[in-house]
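Novice: Dumping the structure here so I can ask a few things about it.
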Amino acid sequence: MIALKVTAKAFRSGNWWAIEVPEVAGVFSQAKRLDQVAEMAADAVAVIKGVDPKSIEVTVIPDLPQAQLDVVEASRQMAKQAEESRFEALLLSRRAIKDLKASGLTVRDIGFMLGLSPQRISQLVPEESKQHPSKSTRANV
């Protein structure tokens with residue numbers, strides 16, 4: 001259970017990240033890497049507040065020039081859009097494969113048209129297993 005939410009502001013100091021938690025007076029720490037900041041901040045806050053570090057939710061805010069932050073944000077947004085586009089392409093590919101298979105085209109022909117290998121076609125739309133109906137058994141009369 002989250003007992004406390006705090007912000008860890010991380011500033012470069014030589015080869016380290018200096019950490020300040022404005023919500024809790026006197027909380028300062030340091031970390032070698034940015035991915036360690038949240039844990040270090042939570043540990044420092046836990047000591048001051050006398051709580052379990054796992055009950056503290058930390059939002060890390062790196063202190064960098066705005067131009068760098070803007071590029072990072074733009075990159076994250078583009079990556080998110082790319083992931084959404086990949087998902088939409090996957091759905092369209094599955095639809096196309098099903099439609100083309102239903103019209104009698106081979107997996108190789110479909111793969112050629114979509115720029116996919118026959119193996120990928122089979123992964124996206126597996127052949128429905130051709131199960132044999134179970135043999136009926138006579139009921140005891």
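The way I read the labels, and the way they are meant: chains A, B, ... in the order of the structure tokens, residue 1 as the first residue of every chain, and ligand 1 as the first ligand shown, with later ones counted on from there.
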Among segment 37-119 of chain A, which residues carry a DSSP assignment of helix (DSSP H, G or I), reported as JSON, numbers by chain?

Specialist: {"A": [37, 38, 39, 40, 41, 42, 43, 44, 45, 46, 47, 48, 49, 53, 54, 55, 66, 67, 68, 69, 70, 71, 72, 73, 74, 75, 76, 77, 78, 79, 80, 81, 82, 83, 84, 85, 86, 87, 88, 89, 90, 91, 92, 93, 94, 95, 96, 97, 98, 99, 100, 101, 102, 107, 108, 109, 110, 111, 112, 113, 114, 118, 119]}

Novice: Name all residues at most 9 Å from Ala10 of chain A (count only C-alpha atoms; drop same-chain ones fewer than 4 positions away) and give them as a CSV table (one decimal) with N, CA and C atoms, in the first residue's frame.

Specialist:
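Saved result, out13.csv, follows:
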chain,number,residue,atom,x,y,z
A,17,TRP,N,24.2,11.6,-9.5
A,17,TRP,CA,23.0,12.3,-9.5
A,17,TRP,C,22.7,12.7,-8.0
A,18,ALA,N,22.7,14.0,-7.8
A,18,ALA,CA,22.3,14.5,-6.4
A,18,ALA,C,20.8,14.5,-6.4
A,19,ILE,N,20.2,14.1,-5.3
A,19,ILE,CA,18.8,13.9,-5.1
A,19,ILE,C,18.2,14.8,-4.0
A,20,GLU,N,17.1,15.5,-4.3
A,20,GLU,CA,16.4,16.3,-3.3
A,20,GLU,C,15.0,15.9,-3.4
A,21,VAL,N,14.3,15.8,-2.2
A,21,VAL,CA,12.9,15.5,-2.2
A,21,VAL,C,12.2,16.7,-1.5
A,30,GLN,N,22.1,10.6,-3.0
A,30,GLN,CA,22.8,10.6,-4.3
A,30,GLN,C,22.7,9.2,-4.9
A,31,ALA,N,22.8,9.1,-6.2
A,31,ALA,CA,22.8,7.8,-6.9
A,31,ALA,C,23.8,7.9,-8.1
A,34,LEU,N,20.6,7.2,-12.9
A,34,LEU,CA,19.2,7.7,-12.8
A,34,LEU,C,18.2,6.7,-12.4
A,37,VAL,N,17.7,6.4,-8.6
A,37,VAL,CA,17.2,7.6,-7.9
A,37,VAL,C,16.0,7.3,-7.1
A,60,VAL,N,10.5,10.5,-10.4
A,60,VAL,CA,11.8,11.0,-10.6
A,60,VAL,C,11.7,12.1,-11.7
A,61,ILE,N,12.3,13.3,-11.4
A,61,ILE,CA,12.4,14.4,-12.3
A,61,ILE,C,13.8,14.8,-12.5
A,62,PRO,N,14.4,14.4,-13.6
A,62,PRO,CA,15.8,14.8,-13.9
A,62,PRO,C,15.9,16.3,-14.2
A,63,ASP,N,16.9,16.9,-13.6
A,63,ASP,CA,17.1,18.3,-13.9
A,63,ASP,C,18.1,18.4,-15.1
A,64,LEU,N,17.5,18.7,-16.3
A,64,LEU,CA,18.3,18.8,-17.5
A,64,LEU,C,17.8,20.0,-18.2

Novice: Near segment 46-53 of chain A, counting only C-alpha atoms, which residues have an atom at most 9 Å away, once you skip same-chain residues fewer than 5 positions from it, shown as a VMD selection string?

Specialist: chain A and resid 3 24 to 27 39 41

Novice: Distance atom CA of Ala42 of chain A-atom CA of Lys54 of chain A, one decimal place?

Specialist: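 Here the two named atoms are 7.5 Å from each other.
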
Novice: If you count only C-alpha atoms, which residues fall within 10 Å of segment 102-107 of chain A, apart from same-chain ones fewer than 2 positions away, as a list in words?

Specialist: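 Once the nearby chain positions are removed, what remains is Ala96, Ile97, Lys98, Asp99, Leu100, Asp109, Ile110, Gly111, Phe112, Met113, Leu116, Ser117, Pro118, Gln119, Arg120, Ile121 and Ser122 of chain A.
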
Novice: Which of chain A counts as strand (DSSP E) under DSSP, as a PyMOL selection string please?

Specialist: chain A and resi 4-13+16-20+28-31+56-63

Novice: Keeping only C-alpha atoms, write the selected residues as a PDB file, in the first residue's frame.

Specialist:
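And here is the file that came out, again-v3.pdb:
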ATOM      1  CA  LEU A   4       3.339   8.576   0.658  1.00  0.00           C
ATOM      2  CA  LYS A   5       3.931  10.075  -2.790  1.00  0.00           C
ATOM      3  CA  VAL A   6       7.020  12.208  -3.295  1.00  0.00           C
ATOM      4  CA  THR A   7       9.058  13.799  -6.057  1.00  0.00           C
ATOM      5  CA  ALA A   8      12.776  13.171  -6.390  1.00  0.00           C
ATOM      6  CA  LYS A   9      14.542  15.977  -8.211  1.00  0.00           C
ATOM      7  CA  ALA A  10      17.821  14.669  -9.610  1.00  0.00           C
ATOM      8  CA  PHE A  11      20.673  17.032 -10.474  1.00  0.00           C
ATOM      9  CA  ARG A  12      23.975  16.067 -12.101  1.00  0.00           C
ATOM     10  CA  SER A  13      26.882  16.516  -9.715  1.00  0.00           C
ATOM     11  CA  TRP A  16      26.583  11.312  -9.673  1.00  0.00           C
ATOM     12  CA  TRP A  17      22.956  12.331  -9.471  1.00  0.00           C
ATOM     13  CA  ALA A  18      22.297  14.516  -6.424  1.00  0.00           C
ATOM     14  CA  ILE A  19      18.769  13.901  -5.126  1.00  0.00           C
ATOM     15  CA  GLU A  20      16.435  16.287  -3.339  1.00  0.00           C
ATOM     16  CA  PHE A  28      18.974  14.536   0.257  1.00  0.00           C
ATOM     17  CA  SER A  29      20.757  11.581  -1.261  1.00  0.00           C
ATOM     18  CA  GLN A  30      22.768  10.575  -4.294  1.00  0.00           C
ATOM     19  CA  ALA A  31      22.811   7.841  -6.915  1.00  0.00           C
ATOM     20  CA  ILE A  56       6.677   5.323  -0.817  1.00  0.00           C
ATOM     21  CA  GLU A  57       5.895   6.149  -4.442  1.00  0.00           C
ATOM     22  CA  VAL A  58       8.616   8.256  -6.031  1.00  0.00           C
ATOM     23  CA  THR A  59       8.341  10.297  -9.225  1.00  0.00           C
ATOM     24  CA  VAL A  60      11.803  11.044 -10.592  1.00  0.00           C
ATOM     25  CA  ILE A  61      12.358  14.389 -12.308  1.00  0.00           C
ATOM     26  CA  PRO A  62      15.805  14.774 -13.860  1.00  0.00           C
ATOM     27  CA  ASP A  63      17.086  18.342 -13.905  1.00  0.00           C
TER      28      ASP A  63
END
